[in-house]
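Okay, structure first, notes after.
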Amino acid sequence: MTKYTFRDGTPYEGDTITTPDGRVLSGSSYTRNSKVLVAVVEDVVIEDTLPSDVEPPAPKKKSKAKKKNA
């Protein structure tokens, strides 16, 4: 379930309503007391995709260009 806060950062727990333009408001129905809410974004942890026994590939060495004799 998505967590919300008010614009000032105060946590909000309760019913919400989403307007046709995408705003999320407090309360189970739209009233003049409804306040705009902001979704709380949780930290995403990306784990290493390589197995622990595999070393990453070494960087390639650049080779020098050979001169042509005319």
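Every chain in the structure tokens takes a letter, A first, then B, and so on in the order presented; its residues are numbered from 1, and the ligands are numbered from 1 following the presented order.
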
Give me the residues near range 22-33 of chain A as an MDAnalysis selection string, where near means some atom within 10 Å (using only C-alpha atoms) and where sequence neighbours in that chain fewer than 3 positions away do not count. chainID A and resid 4:6 12:19 36:39

Restrict the selected residues to C-alpha atoms and save them as an mmCIF file, in the first residue's frame.
```
data_model
loop_
_atom_site.group_PDB
_atom_site.id
_atom_site.type_symbol
_atom_site.label_atom_id
_atom_site.label_comp_id
_atom_site.auth_asym_id
_atom_site.auth_seq_id
_atom_site.Cartn_x
_atom_site.Cartn_y
_atom_site.Cartn_z
ATOM 1 C CA TYR A 4 1.248 9.496 1.766
ATOM 2 C CA THR A 5 2.187 12.732 3.492
ATOM 3 C CA PHE A 6 0.773 16.224 3.399
ATOM 4 C CA TYR A 12 -1.193 10.835 6.549
ATOM 5 C CA GLU A 13 -3.078 7.644 7.309
ATOM 6 C CA GLY A 14 -6.626 7.275 6.106
ATOM 7 C CA ASP A 15 -8.872 7.197 3.078
ATOM 8 C CA THR A 16 -7.790 8.835 -0.171
ATOM 9 C CA ILE A 17 -9.456 9.868 -3.394
ATOM 10 C CA THR A 18 -7.817 10.404 -6.777
ATOM 11 C CA THR A 19 -9.121 13.198 -8.997
ATOM 12 C CA VAL A 36 -3.420 17.385 -1.474
ATOM 13 C CA LEU A 37 -1.243 14.392 -0.570
ATOM 14 C CA VAL A 38 2.257 13.465 -1.740
ATOM 15 C CA ALA A 39 3.284 9.833 -2.251
#
```

Nearest-residue call for Gly9 in chain A, choices A:Val40, A:Lys68, A:Ser34, A:Pro59, using only C-alpha atoms: A:Val40

Can you tell me how far CA of Asp21 in chain A sits from CA of Lys35 in chain A, in Å to one decimal? 14.9 Å

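Put simply, CA of Ile46 in chain A is 28.6 Å away from CA of Arg7 in chain A.
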
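Secondary structure by DSSP on the backbone puts the following residues of chain A in strand (DSSP E or B): Tyr4, Thr5, Phe6, Pro11, Tyr12, Thr16, Ile17, Thr18, Val24, Leu25, Ser26, Val36, Leu37, Val38 and Ala39 of chain A.
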
What is the distance between CA of Pro57 in chain A and CA of Val44 in chain A, in Å to one decimal?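 One can read the CA of Pro57 in chain A to CA of Val44 in chain A distance as 26.3 Å.
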